[in-house]
Each structure stands twice: as structure tokens, then as C-alpha cells.
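Here is coords-v5.tsv, consisting of TSV, C-alpha atoms:
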chain	number	residue	atom	x	y	z
A	1	MET	CA	0.00	0.00	0.00
A	2	THR	CA	1.29	3.49	-0.81
A	3	ARG	CA	0.14	6.88	0.33
A	4	ARG	CA	0.56	10.24	-1.30
A	5	PHE	CA	-0.32	13.83	-0.54
A	6	ILE	CA	-2.93	15.64	-2.58
A	7	VAL	CA	-2.97	19.42	-3.04
A	8	GLU	CA	-6.45	20.90	-3.46
A	9	PRO	CA	-7.53	24.52	-4.02
A	10	ARG	CA	-9.21	26.05	-0.98
A	11	GLY	CA	-11.25	28.65	-2.83
A	12	VAL	CA	-11.59	32.12	-1.32
A	13	ALA	CA	-9.88	32.41	2.08
A	14	ASP	CA	-11.45	34.33	4.97
A	15	SER	CA	-10.22	37.85	5.65
A	16	TRP	CA	-8.82	36.90	9.05
A	17	VAL	CA	-6.72	34.18	7.42
A	18	LYS	CA	-5.26	36.65	4.95
A	19	LEU	CA	-4.33	38.94	7.86
A	20	ALA	CA	-3.04	36.17	10.11
A	21	VAL	CA	-0.64	34.62	7.59
A	22	PRO	CA	1.72	37.65	7.22
A	23	VAL	CA	1.71	38.15	11.00
A	24	ALA	CA	2.43	34.46	11.54
A	25	SER	CA	5.23	34.67	8.95
A	26	VAL	CA	6.99	37.38	10.93
A	27	VAL	CA	6.49	35.53	14.23
A	28	ALA	CA	7.77	32.27	12.74
A	29	ALA	CA	10.85	34.05	11.36
A	30	LEU	CA	11.55	35.57	14.77
A	31	VAL	CA	11.21	32.13	16.41
A	32	LEU	CA	13.60	30.64	13.86
A	33	GLY	CA	16.00	33.53	14.46
A	34	ALA	CA	15.76	32.95	18.21
A	35	ILE	CA	16.71	29.30	17.75
A	36	PHE	CA	19.69	30.29	15.61
A	37	LEU	CA	20.83	32.89	18.14
A	38	ALA	CA	20.50	30.43	21.02
A	39	ILE	CA	22.52	27.79	19.15
A	40	THR	CA	25.29	30.30	18.47
A	41	GLY	CA	25.44	31.28	22.15
A	42	ASN	CA	23.78	34.71	21.95
A	43	SER	CA	21.11	36.09	24.23
A	44	VAL	CA	17.84	36.15	22.30
A	45	ILE	CA	16.30	38.78	24.57
A	46	GLU	CA	19.35	41.03	24.37
A	47	VAL	CA	19.55	40.83	20.57
A	48	TYR	CA	15.85	41.49	19.95
A	49	ALA	CA	15.77	44.25	22.57
A	50	LYS	CA	18.76	45.90	20.87
A	51	MET	CA	17.04	45.72	17.49
A	52	LEU	CA	13.79	47.12	18.86
A	53	LYS	CA	15.53	49.95	20.71
A	54	THR	CA	17.65	50.89	17.68
A	55	ALA	CA	14.70	50.95	15.29
A	56	PHE	CA	11.98	52.48	17.49
A	57	GLY	CA	13.52	53.40	20.84
A	58	SER	CA	14.24	57.05	20.01
A	59	TRP	CA	13.13	59.74	17.61
A	60	ARG	CA	16.47	59.52	15.85
A	61	GLY	CA	16.18	55.75	15.51
A	62	PHE	CA	12.59	55.96	14.30
A	63	SER	CA	13.47	58.60	11.70
A	64	GLU	CA	16.31	56.39	10.42
A	65	THR	CA	13.84	53.52	10.17
A	66	LEU	CA	11.58	55.68	8.01
A	67	VAL	CA	14.58	56.69	5.89
A	68	SER	CA	15.35	53.00	5.31
A	69	ALA	CA	11.67	52.28	4.64
A	70	THR	CA	11.27	54.95	1.94
A	71	PRO	CA	12.90	53.06	-0.97
A	72	LEU	CA	11.36	49.81	0.29
A	73	ILE	CA	7.86	51.26	-0.08
A	74	LEU	CA	8.58	51.99	-3.73
A	75	THR	CA	10.39	48.74	-4.56
A	76	GLY	CA	7.61	46.90	-2.72
A	77	LEU	CA	5.08	48.70	-4.90
A	78	ALA	CA	7.11	47.77	-7.98
A	79	ALA	CA	6.88	44.08	-7.08
A	80	ALA	CA	3.25	44.24	-5.92
A	81	VAL	CA	1.98	45.98	-9.06
A	82	ALA	CA	3.76	43.49	-11.32
A	83	PHE	CA	3.03	40.29	-9.40
A	84	LYS	CA	-0.65	41.13	-9.02
A	85	MET	CA	-0.96	40.76	-12.80
A	86	LEU	CA	1.36	37.74	-12.89
A	87	VAL	CA	4.12	39.87	-14.38
A	88	TRP	CA	7.29	38.47	-12.81
A	89	ASN	CA	9.44	41.56	-12.67
A	90	ILE	CA	12.56	40.53	-10.73
A	91	GLY	CA	14.43	43.58	-11.97
A	92	GLY	CA	13.50	46.13	-9.32
A	93	GLU	CA	17.15	46.34	-8.26
A	94	GLY	CA	18.37	47.29	-11.73
A	95	GLN	CA	15.46	49.66	-12.31
A	96	LEU	CA	16.26	51.46	-9.06
A	97	LEU	CA	19.92	51.82	-10.07
A	98	ILE	CA	19.14	53.12	-13.55
A	99	GLY	CA	16.67	55.53	-11.96
A	100	ALA	CA	19.52	56.78	-9.77
A	101	VAL	CA	21.84	57.09	-12.80
A	102	LEU	CA	19.35	59.13	-14.81
A	103	ALA	CA	18.27	61.25	-11.83
A	104	SER	CA	21.84	62.16	-10.90
A	105	GLY	CA	22.69	62.78	-14.56
A	106	VAL	CA	19.83	65.27	-14.89
A	107	ALA	CA	20.84	66.96	-11.63
A	108	ILE	CA	24.46	67.28	-12.74
A	109	MET	CA	23.43	68.66	-16.13
A	110	MET	CA	21.15	71.31	-14.56
A	111	GLY	CA	23.65	72.47	-11.97
A	112	ASP	CA	22.41	75.64	-10.24
A	113	ASN	CA	20.55	76.99	-13.26
A	114	VAL	CA	17.06	75.74	-12.39
A	115	PRO	CA	14.81	76.90	-9.50
A	116	ALA	CA	14.80	74.58	-6.52
A	117	VAL	CA	11.24	73.21	-6.79
A	118	ALA	CA	11.53	72.57	-10.52
A	119	ALA	CA	14.94	70.97	-10.07
A	120	VAL	CA	13.66	68.52	-7.45
A	121	VAL	CA	10.66	67.58	-9.58
A	122	LEU	CA	12.86	67.03	-12.63
A	123	VAL	CA	15.35	64.88	-10.73
A	124	ILE	CA	12.87	62.50	-9.11
A	125	SER	CA	10.83	62.35	-12.33
A	126	ALA	CA	13.98	61.40	-14.21
A	127	GLY	CA	14.42	58.55	-11.75
A	128	ALA	CA	10.92	57.24	-12.50
A	129	VAL	CA	11.50	57.57	-16.25
A	130	GLY	CA	14.81	55.72	-16.00
A	131	GLY	CA	13.20	52.83	-14.13
A	132	ALA	CA	10.32	52.65	-16.61
A	133	LEU	CA	12.68	52.63	-19.60
A	134	TRP	CA	14.80	49.88	-18.07
A	135	ALA	CA	11.66	47.83	-17.38
A	136	GLY	CA	10.53	48.46	-20.95
A	137	ILE	CA	13.63	46.68	-22.26
A	138	ALA	CA	12.27	43.48	-20.70
A	139	ALA	CA	8.60	44.25	-21.35
A	140	ALA	CA	8.86	44.62	-25.14
A	141	PRO	CA	10.30	41.14	-25.87
A	142	ARG	CA	7.89	39.60	-23.33
A	143	VAL	CA	4.84	41.15	-25.00
A	144	TYR	CA	5.84	40.76	-28.64
A	145	LEU	CA	8.16	37.73	-28.61
A	146	GLY	CA	6.95	35.76	-25.61
A	147	THR	CA	10.31	35.70	-23.82
A	148	ASN	CA	10.60	34.89	-20.14
A	149	GLU	CA	10.60	38.15	-18.18
A	150	ILE	CA	12.14	36.49	-15.12
A	151	ILE	CA	15.37	35.83	-17.00
A	152	THR	CA	15.52	39.18	-18.80
A	153	THR	CA	14.78	41.31	-15.73
A	154	LEU	CA	17.23	39.32	-13.62
A	155	MET	CA	20.03	39.70	-16.18
A	156	LEU	CA	19.30	43.41	-16.59
A	157	ASN	CA	20.05	43.83	-12.87
A	158	PHE	CA	23.68	42.87	-13.44
A	159	ILE	CA	23.98	45.15	-16.46
A	160	ALA	CA	22.64	48.07	-14.40
A	161	ILE	CA	25.06	47.33	-11.54
A	162	ASN	CA	28.07	47.21	-13.83
A	163	LEU	CA	26.99	50.32	-15.72
A	164	MET	CA	26.65	52.30	-12.49
A	165	ASN	CA	30.03	51.08	-11.22
A	166	TYR	CA	31.67	51.89	-14.55
A	167	LEU	CA	30.38	55.47	-14.53
A	168	VAL	CA	32.00	56.11	-11.15
A	169	PHE	CA	34.85	53.63	-10.71
A	170	GLY	CA	35.85	52.78	-14.28
A	171	SER	CA	35.72	56.06	-16.16
A	172	PHE	CA	35.99	59.83	-15.85
A	173	SER	CA	32.33	60.38	-16.71
A	174	PRO	CA	30.32	63.39	-15.47
A	175	TRP	CA	28.93	61.12	-12.72
A	176	ARG	CA	32.39	60.82	-11.11
A	177	ASP	CA	33.50	63.50	-8.66
A	178	PRO	CA	36.62	65.18	-10.12
A	179	ASP	CA	37.62	66.41	-6.67
A	180	ALA	CA	37.83	62.89	-5.21
A	181	THR	CA	41.49	62.07	-5.79
A	182	GLN	CA	42.06	59.23	-3.31
A	183	PHE	CA	39.07	57.01	-4.05
A	184	PRO	CA	36.45	57.44	-6.81
A	185	GLN	CA	32.99	58.52	-5.74
A	186	GLY	CA	29.89	60.03	-7.24
A	187	ARG	CA	29.68	63.74	-8.03
A	188	PRO	CA	27.48	65.58	-5.49
A	189	ILE	CA	24.38	67.19	-6.97
A	190	SER	CA	23.36	70.80	-6.39
A	191	ASP	CA	21.56	71.67	-3.18
A	192	ARG	CA	18.78	73.07	-5.36
A	193	ALA	CA	18.02	69.53	-6.55
A	194	ARG	CA	17.93	68.03	-3.04
A	195	LEU	CA	14.71	67.05	-1.30
A	196	PRO	CA	14.15	69.24	1.77
A	197	GLU	CA	14.35	67.59	5.16
A	198	PHE	CA	11.57	68.01	7.71
A	199	GLY	CA	14.06	69.72	10.01
A	200	GLU	CA	14.52	72.42	7.36
A	201	LEU	CA	10.81	72.87	6.76
A	202	ILE	CA	9.72	72.90	10.40
A	203	PRO	CA	12.18	74.54	12.81
A	204	GLY	CA	12.75	72.48	15.92
A	205	LEU	CA	12.25	69.08	14.31
A	206	LYS	CA	15.86	68.63	13.21
A	207	SER	CA	16.87	66.92	16.43
A	208	PHE	CA	13.83	64.61	16.28
A	209	LEU	CA	13.59	63.60	12.63
A	210	HIS	CA	17.32	63.82	11.83
A	211	ARG	CA	17.75	63.02	8.08
A	212	LEU	CA	14.11	62.26	7.20
A	213	ASP	CA	13.05	64.18	4.08
A	214	LEU	CA	10.01	64.57	1.88
A	215	GLY	CA	10.90	61.37	0.03
A	216	PHE	CA	8.97	59.39	2.63
A	217	VAL	CA	5.84	61.48	2.04
A	218	ILE	CA	6.22	61.07	-1.73
A	219	ALA	CA	6.50	57.29	-1.35
A	220	VAL	CA	3.36	57.13	0.81
A	221	VAL	CA	1.41	59.32	-1.63
A	222	VAL	CA	2.51	57.14	-4.56
A	223	ALA	CA	1.34	54.01	-2.71
A	224	ILE	CA	-2.10	55.55	-2.14
A	225	LEU	CA	-2.36	56.76	-5.74
A	226	ILE	CA	-1.47	53.32	-7.08
A	227	TRP	CA	-4.13	51.76	-4.86
A	228	VAL	CA	-6.70	54.23	-6.23
A	229	VAL	CA	-5.67	53.51	-9.83
A	230	LEU	CA	-5.80	49.74	-9.38
A	231	PHE	CA	-8.99	49.49	-7.34
A	232	ARG	CA	-11.05	52.57	-8.19
A	233	THR	CA	-10.64	53.14	-11.94
A	234	PRO	CA	-11.83	51.35	-15.09
A	235	TRP	CA	-8.22	50.69	-16.10
A	236	GLY	CA	-7.61	49.08	-12.72
A	237	PHE	CA	-10.62	46.81	-13.24
A	238	GLY	CA	-9.21	45.62	-16.56
A	239	TYR	CA	-5.82	45.17	-14.89
A	240	ARG	CA	-7.30	42.94	-12.17
A	241	VAL	CA	-9.35	40.90	-14.64
A	242	ALA	CA	-6.29	40.36	-16.84
A	243	GLY	CA	-4.34	39.23	-13.79
A	244	ASP	CA	-6.99	36.67	-12.88
A	245	SER	CA	-7.69	35.41	-16.40
A	246	ALA	CA	-6.20	36.79	-19.61
A	247	GLY	CA	-8.81	34.94	-21.66
A	248	ALA	CA	-11.71	36.44	-19.73
A	249	ALA	CA	-10.10	39.88	-20.04
A	250	ARG	CA	-9.84	39.56	-23.82
A	251	TYR	CA	-13.46	38.44	-23.99
A	252	ALA	CA	-14.43	41.53	-21.98
A	253	GLY	CA	-12.58	43.77	-24.44
A	254	VAL	CA	-9.46	44.44	-22.35
A	255	LYS	CA	-6.30	44.90	-24.41
A	256	VAL	CA	-4.19	42.46	-22.42
A	257	SER	CA	-0.88	43.11	-24.18
A	258	ARG	CA	-1.22	46.85	-23.71
A	259	THR	CA	-2.22	46.41	-20.07
A	260	PHE	CA	0.72	44.06	-19.54
A	261	PHE	CA	3.14	46.58	-21.01
A	262	ALA	CA	1.68	49.45	-18.96
A	263	THR	CA	1.94	47.35	-15.80
A	264	PHE	CA	5.60	46.65	-16.49
A	265	LEU	CA	6.29	50.36	-17.01
A	266	MET	CA	4.42	51.31	-13.83
A	267	SER	CA	6.39	48.74	-11.87
A	268	GLY	CA	9.71	49.98	-13.25
A	269	ALA	CA	8.76	53.62	-12.65
A	270	ALA	CA	8.10	52.90	-8.97
A	271	ALA	CA	11.51	51.24	-8.54
A	272	GLY	CA	13.24	54.01	-10.52
A	273	LEU	CA	11.53	56.63	-8.38
A	274	ALA	CA	13.14	55.01	-5.36
A	275	GLY	CA	16.56	55.56	-6.93
A	276	GLY	CA	15.71	59.16	-7.78
A	277	ILE	CA	14.54	59.88	-4.24
A	278	MET	CA	17.71	58.38	-2.76
A	279	VAL	CA	19.88	60.56	-5.02
A	280	ALA	CA	17.85	63.71	-4.30
A	281	GLY	CA	17.48	62.79	-0.63
A	282	VAL	CA	19.82	61.18	1.86
A	283	LEU	CA	22.67	60.44	-0.59
A	284	GLY	CA	22.89	63.65	-2.58
A	285	LYS	CA	24.77	61.83	-5.34
A	286	MET	CA	24.97	58.54	-7.19
A	287	ASP	CA	27.04	56.53	-4.74
A	288	PRO	CA	27.33	52.86	-5.84
A	289	ARG	CA	28.34	51.71	-2.36
A	290	SER	CA	25.17	53.19	-0.85
A	291	LEU	CA	22.85	52.13	-3.67
A	292	GLU	CA	23.88	48.52	-4.22
A	293	LEU	CA	22.04	47.21	-1.16
A	294	GLY	CA	19.63	44.69	-2.65
A	295	LEU	CA	16.67	47.00	-2.08
A	296	GLY	CA	14.95	45.73	-5.23
A	297	PHE	CA	15.04	42.17	-3.93
A	298	THR	CA	13.95	43.23	-0.44
A	299	GLY	CA	10.97	44.89	-2.12
A	300	ILE	CA	9.82	41.40	-3.16
A	301	ILE	CA	9.68	40.43	0.53
A	302	VAL	CA	7.68	43.59	1.26
A	303	ALA	CA	5.21	42.79	-1.53
A	304	ALA	CA	4.82	39.18	-0.39
A	305	LEU	CA	4.13	40.15	3.22
A	306	ALA	CA	1.70	42.85	2.08
A	307	ARG	CA	-0.09	40.27	-0.08
A	308	LEU	CA	0.38	42.61	-3.06
A	309	ASN	CA	-1.77	45.35	-1.51
A	310	PRO	CA	-0.23	48.78	-2.29
A	311	VAL	CA	-1.46	50.39	0.94
A	312	VAL	CA	-0.33	47.52	3.19
A	313	VAL	CA	3.11	47.86	1.59
A	314	ILE	CA	3.65	50.98	3.75
A	315	PRO	CA	3.63	49.38	7.25
A	316	VAL	CA	5.42	46.28	5.96
A	317	ALA	CA	8.19	48.44	4.48
A	318	ILE	CA	8.56	50.19	7.83
A	319	LEU	CA	8.95	46.77	9.49
A	320	LEU	CA	11.64	45.73	7.02
A	321	GLY	CA	13.21	49.17	7.31
A	322	ALA	CA	13.49	48.57	11.05
A	323	LEU	CA	15.39	45.34	10.39
A	324	ILE	CA	17.78	47.12	8.03
A	325	ASN	CA	18.28	50.00	10.44
A	326	SER	CA	18.94	47.75	13.42
A	327	GLY	CA	21.35	45.40	11.67
A	328	PRO	CA	24.58	47.43	12.07
A	329	ALA	CA	23.79	48.09	15.75
A	330	LEU	CA	24.03	44.36	16.48
A	331	GLN	CA	27.79	44.48	15.96
A	332	SER	CA	28.12	46.47	19.20
A	333	ILE	CA	26.97	43.39	21.15
A	334	GLY	CA	29.05	40.92	19.12
A	335	VAL	CA	26.31	39.71	16.77
A	336	PRO	CA	26.87	39.84	12.97
A	337	SER	CA	24.76	42.45	11.21
A	338	SER	CA	23.85	39.75	8.67
A	339	THR	CA	21.45	38.40	11.30
A	340	ALA	CA	18.94	41.00	10.11
A	341	VAL	CA	19.38	39.76	6.52
A	342	MET	CA	18.77	36.20	7.71
A	343	LEU	CA	15.51	37.32	9.33
A	344	GLN	CA	14.43	38.96	6.08
A	345	GLY	CA	15.03	35.73	4.19
A	346	ALA	CA	13.17	33.69	6.81
A	347	ILE	CA	10.21	36.08	6.63
A	348	LEU	CA	10.05	35.63	2.85
A	349	ILE	CA	10.17	31.83	3.10
A	350	PHE	CA	7.36	31.72	5.66
A	351	ALA	CA	5.33	34.31	3.76
A	352	VAL	CA	5.53	32.28	0.53
A	353	ALA	CA	4.67	29.07	2.38
A	354	GLY	CA	1.74	30.79	4.08
A	355	GLU	CA	0.47	32.15	0.76
A	356	PHE	CA	0.55	28.63	-0.66
A	357	LEU	CA	-1.44	27.30	2.29
A	358	ILE	CA	-3.98	30.12	1.93
A	359	ARG	CA	-4.68	29.08	-1.64
A	360	ASN	CA	-4.38	25.29	-1.18
A	361	ARG	CA	-4.95	22.54	1.33
A	362	ILE	CA	-2.83	19.40	1.62
A	363	ARG	CA	-4.54	16.19	2.59
A	364	ARG	CA	-3.65	12.54	2.78
A	365	PRO	CA	-6.28	10.35	1.13
A	366	ASP	CA	-7.30	6.84	2.05
A	367	ALA	CA	-4.94	4.04	1.26
A	368	VAL	CA	-4.53	3.36	-2.46
A	369	PRO	CA	-3.46	-0.10	-3.62
A	370	THR	CA	0.03	-0.18	-5.06
A	371	GLU	CA	-1.17	-1.86	-8.25
A	372	VAL	CA	-3.73	0.90	-8.86
A	373	SER	CA	-1.16	3.62	-8.20
A	374	GLU	CA	1.29	2.02	-10.65
A	375	ALA	CA	-1.41	1.65	-13.28
A	376	GLU	CA	-2.35	5.33	-12.91
A	377	GLY	CA	1.31	6.28	-13.30
A	378	ALA	CA	1.67	4.17	-16.43
A	379	THR	CA	-1.47	5.74	-17.93
A	380	ALA	CA	-0.14	9.24	-17.19

Target encoding C-alpha cells, full file:
Amino acid sequence: MTRRFIVEPRGVADSWVKLAVPVASVVAALVLGAIFLAITGNSVIEVYAKMLKTAFGSWRGFSETLVSATPLILTGLAAAVAFKMLVWNIGGEGQLLIGAVLASGVAIMMGDNVPAVAAVVLVISAGAVGGALWAGIAAAPRVYLGTNEIITTLMLNFIAINLMNYLVFGSFSPWRDPDATQFPQGRPISDRARLPEFGELIPGLKSFLHRLDLGFVIAVVVAILIWVVLFRTPWGFGYRVAGDSAGAARYAGVKVSRTFFATFLMSGAAAGLAGGIMVAGVLGKMDPRSLELGLGFTGIIVAALARLNPVVVIPVAILLGALINSGPALQSIGVPSSTAVMLQGAILIFAVAGEFLIRNRIRRPDAVPTEVSEAEGATA
């Protein structure tokens, strides 16, 4: 007698289940992290208390958490928008970097010749355009030639990384700071093209919000606008139908190829905007060492935990931003900062497993005779 597991669709899950799974994913990752820390001889309570205090224990720490969360909101949106329509854009990292390249290039070209407000708008818009164009390189062959967008977007990440590094480390391009003689670094952009910090806009908040700038507000507004477009407009209805069933969408008159292409561009624009905001915000230049952080891939974790909901991306990004912010502080108590990265990976694994269990149930049927099982296999 042999037994086998059968996977069956569950149908529509209850709302409380959809809420409980992401929470359980985070809890399970923390439990797994606690086991790892205990095995390696570290105090679980001390490590988690240090992470919590660093990320939320002071105004300065909280503002740094929001700074880390800002690009994650946008890369999370990039993944959520694409995955919701079954567009597997794994190129958020490269789209962010190209957004940073184009944004810094526009800022360097303008110099001090453009008014501050216009300069900021042009710089961050250039970031969004750069990300959309880079996504379009993968979208066009997917739509018209049927290529696999997972492979193309993944490979484009490496091209973007090497291009950015070449502009600063391998050439004397306008992106390289001519005054940096000891070690190459990006050319600083004009203060006119920098996003204002809250401490500059509201006197007295500098000591509380530290480096937090308007980029966080822009990211939140973009998340809300995307939610409105996807769930409150006719285009969004066609987008959702195409994501559920391309055949049904075509029958309803939705131009699936055009919607697919627009979705890819929207996804890339969100990731590119993250690069533009980093250049115009906390970095003030295209700095490869500060940009090549895997934020595009972390955005996939954000989207998975948020269950592809653009608004839920915001609190989830803050949670992941807290992990990123607290990682370096762990070194002060003798714990590798990569512990925070391990927790991110564990959260993703549990989130994906939870999503599978939301959609499917696994059961073990009654005993099946071996002869019958072999006959079924031969027929298949």
C-alpha cells in the first residue's frame, strides 16, 4: 500500500486568514532567528531588545527607520503591481539603479541653473522615467516575442550594476566626482536639486527627525495613488481581470498586451523613483556603495508580506526598514549584522509558504493499492 499527498484549491480564504498569515510569517521568522541565536550562544532577549531599541527606541532611531523604509515602499510597490498581474518583474534592483543614474545625470546637467522646486521635480521624475525605460527593455520582448521576463529582468540587474560602477569607478564620466582624488565617488548634486528635510521645513524638528526628508511622504502618496488607480478606476478593473484570467479579459474587451506593457512600465517607474529619491534625498549623489544594497530584492519580501496590496506595503516596508536600520547596531553586542538579513530571508520563506497554504490545502487520502497507483502512473 502506498500513500501520497494531494494538493487541493481552498477557494476564497477568509479575511482573518489573509491577515493572520503575514503576521504568523513574521512571528515564525523571529522564532527561527531565536533558535539560531540560542545555538550560536547569543542572548535572544538582548539581541531582539537591541534591534527594537535601535529601530523604534528614540526619535532619531525611528526617523532612520523611516529613511530605510522609503525606498522599500517603492520597490515593494514595484513588485506588488507586477506580481498582481502575474508579471514576474525581478528587476527592481536594476530599475532602481538606472533611476539613480538618470536622476543624478539630470541633476548634474542642470547644476544651479534651475529653480529649486523645478529641479527637485525634474530629478525625481527622471528617476521614475529611467526605471520605466529599463523595465521596458524586458517588457517589449515579453509582450511581442513571448520571452521569459524572469530571465531578462534578472540579467538586466547585473547590467545596471556594472553600468553604475563603470560610470564612477571605471571612467571619468560626469557622474564621477573630479575632486575625489584618493578614491572614486559620485559627483554631489546641487543643493537646489535636493529634497528638503523636515528639520529644514519645520524649525525644531531637526533633532527629532534627523535626516528624514520629503521622500517618505512622496513614497506614501505614490502608494495611495497606485491603490486608487488599481482598485477605483476602469483601467484598474481591466488590470485585475487580466491578472486573474487573460482569456476572460480579452473576452471583456481588455487589451491584455497593452495592459501588460503598462503594468511593467508602472512597476519599473516605482523602482526608478526610489533611486531618484535616494539621489535627491539622503545620498545627494549617485554613490554605488550606498545604492547597491539589494533594495529591489527586499521589495519582493515587502510585496509578499503585504499580499500585493499597495497600501499595506507601507507598514510592511517600515517593518523591514526597522530590520535594516537595526542590523549594524548588532555588531556592538558581538552579533553579525547579517542576522537581520537572515531574518528577512526567513520572513520571505514563511510568507511564501503561508500564501501557498492560503490558496491550497494538503490532505492525505485513504490508502490506495500499489497496483492501482502504478497503473495510474503508467497511464499518465

Give me the residues near Phe350 of chain A as a ChimeraX atom specification, where near means some atom within 12 Å (using only C-alpha atoms) and where sequence neighbours in that chain fewer than 5 positions away do not count. /A:21-32,301,304-305,343-345,355-357

Between atom CA of Ala274 of chain A and atom CA of Asp287 of chain A - distance in Å to one decimal: 14.0 Å

Selection: 6 Å around segment 87-94 of chain A, only C-alpha atoms, excl. self and same-chain fewer than 3 positions, as number ranges by chain: A: 82-83, 97, 150, 153-154, 157, 160, 271, 296

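Put simply, atom CA of Ser332 of chain A is 22.5 Å away from atom CA of Arg211 of chain A.
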
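Across the structure, atom CA of Leu291 of chain A and atom CA of Val312 of chain A are spaced 24.6 Å apart.
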
Which residues, written as a ChimeraX atom specification, have at least one atom at most 9 Å from Val241 of chain A, with only C-alpha atoms counted and residues fewer than 6 positions away on the same chain left out? /A:85,248-249,252,254

From A:Ala306, A:Thr70, A:Pro141, A:Gly33, residue lying nearest Ser338 of chain A [only C-alpha atoms]: A:Gly33

Leaving out Val44 of chain A and any residue of its chain fewer than 3 positions from it, which residues lie within 10 Å of it when counting only C-alpha atoms, given as number ranges by chain? A: 30-31, 33-38, 41, 47-50

Spatial neighbours of Ala246 of chain A, max dist 12 Å, only C-alpha atoms, sep filter under 6 positions, as a count of residues only: 15

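With all atoms listed in the file as the basis for measurement, A:Ser326 is the residue among A:Ser337, A:Ser326, A:Gln182, A:Asn360 that approaches Gly57 of chain A most closely.
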
In file coordinates, which residues lie within 9 Å of (32.1, 69.2, -11.7) using all atoms listed in the file, given as a ChimeraX atom specification? /A:108,174-179,187-188

Expected file content for segment 224-242 of chain A, N, CA and C atoms, as a PDB file, in the first residue's frame:
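Output file result-v2.pdb is given in full below:
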ATOM      1  N   ILE A 224      -0.656  55.298  -2.175  1.00  0.00           N
ATOM      2  CA  ILE A 224      -2.102  55.551  -2.144  1.00  0.00           C
ATOM      3  C   ILE A 224      -2.644  55.760  -3.549  1.00  0.00           C
ATOM      4  N   LEU A 225      -1.912  56.511  -4.364  1.00  0.00           N
ATOM      5  CA  LEU A 225      -2.358  56.756  -5.740  1.00  0.00           C
ATOM      6  C   LEU A 225      -2.426  55.459  -6.546  1.00  0.00           C
ATOM      7  N   ILE A 226      -1.448  54.598  -6.365  1.00  0.00           N
ATOM      8  CA  ILE A 226      -1.473  53.320  -7.085  1.00  0.00           C
ATOM      9  C   ILE A 226      -2.666  52.483  -6.643  1.00  0.00           C
ATOM     10  N   TRP A 227      -2.967  52.498  -5.348  1.00  0.00           N
ATOM     11  CA  TRP A 227      -4.133  51.759  -4.863  1.00  0.00           C
ATOM     12  C   TRP A 227      -5.408  52.296  -5.513  1.00  0.00           C
ATOM     13  N   VAL A 228      -5.522  53.620  -5.610  1.00  0.00           N
ATOM     14  CA  VAL A 228      -6.704  54.228  -6.233  1.00  0.00           C
ATOM     15  C   VAL A 228      -6.800  53.810  -7.699  1.00  0.00           C
ATOM     16  N   VAL A 229      -5.668  53.866  -8.408  1.00  0.00           N
ATOM     17  CA  VAL A 229      -5.674  53.510  -9.833  1.00  0.00           C
ATOM     18  C   VAL A 229      -6.070  52.048 -10.028  1.00  0.00           C
ATOM     19  N   LEU A 230      -5.558  51.165  -9.190  1.00  0.00           N
ATOM     20  CA  LEU A 230      -5.800  49.740  -9.381  1.00  0.00           C
ATOM     21  C   LEU A 230      -7.177  49.289  -8.920  1.00  0.00           C
ATOM     22  N   PHE A 231      -7.745  49.980  -7.931  1.00  0.00           N
ATOM     23  CA  PHE A 231      -8.993  49.493  -7.342  1.00  0.00           C
ATOM     24  C   PHE A 231     -10.179  50.446  -7.492  1.00  0.00           C
ATOM     25  N   ARG A 232      -9.959  51.613  -8.075  1.00  0.00           N
ATOM     26  CA  ARG A 232     -11.052  52.566  -8.188  1.00  0.00           C
ATOM     27  C   ARG A 232     -11.171  53.191  -9.576  1.00  0.00           C
ATOM     28  N   THR A 233     -10.555  52.589 -10.579  1.00  0.00           N
ATOM     29  CA  THR A 233     -10.636  53.136 -11.942  1.00  0.00           C
ATOM     30  C   THR A 233     -10.975  52.019 -12.924  1.00  0.00           C
ATOM     31  N   PRO A 234     -11.554  52.365 -14.072  1.00  0.00           N
ATOM     32  CA  PRO A 234     -11.833  51.345 -15.095  1.00  0.00           C
ATOM     33  C   PRO A 234     -10.569  50.618 -15.555  1.00  0.00           C
ATOM     34  N   TRP A 235      -9.466  51.353 -15.704  1.00  0.00           N
ATOM     35  CA  TRP A 235      -8.219  50.690 -16.103  1.00  0.00           C
ATOM     36  C   TRP A 235      -7.813  49.656 -15.057  1.00  0.00           C
ATOM     37  N   GLY A 236      -7.957  50.015 -13.780  1.00  0.00           N
ATOM     38  CA  GLY A 236      -7.615  49.084 -12.716  1.00  0.00           C
ATOM     39  C   GLY A 236      -8.474  47.834 -12.750  1.00  0.00           C
ATOM     40  N   PHE A 237      -9.750  47.988 -13.135  1.00  0.00           N
ATOM     41  CA  PHE A 237     -10.621  46.812 -13.241  1.00  0.00           C
ATOM     42  C   PHE A 237     -10.113  45.876 -14.331  1.00  0.00           C
ATOM     43  N   GLY A 238      -9.759  46.444 -15.492  1.00  0.00           N
ATOM     44  CA  GLY A 238      -9.211  45.621 -16.562  1.00  0.00           C
ATOM     45  C   GLY A 238      -7.895  44.972 -16.150  1.00  0.00           C
ATOM     46  N   TYR A 239      -7.091  45.694 -15.401  1.00  0.00           N
ATOM     47  CA  TYR A 239      -5.824  45.169 -14.886  1.00  0.00           C
ATOM     48  C   TYR A 239      -6.063  43.953 -14.003  1.00  0.00           C
ATOM     49  N   ARG A 240      -7.031  44.047 -13.090  1.00  0.00           N
ATOM     50  CA  ARG A 240      -7.298  42.942 -12.174  1.00  0.00           C
ATOM     51  C   ARG A 240      -7.889  41.741 -12.909  1.00  0.00           C
ATOM     52  N   VAL A 241      -8.765  42.000 -13.866  1.00  0.00           N
ATOM     53  CA  VAL A 241      -9.346  40.904 -14.638  1.00  0.00           C
ATOM     54  C   VAL A 241      -8.258  40.191 -15.443  1.00  0.00           C
ATOM     55  N   ALA A 242      -7.373  40.954 -16.062  1.00  0.00           N
ATOM     56  CA  ALA A 242      -6.287  40.362 -16.842  1.00  0.00           C
ATOM     57  C   ALA A 242      -5.363  39.538 -15.953  1.00  0.00           C
TER      58      ALA A 242
END
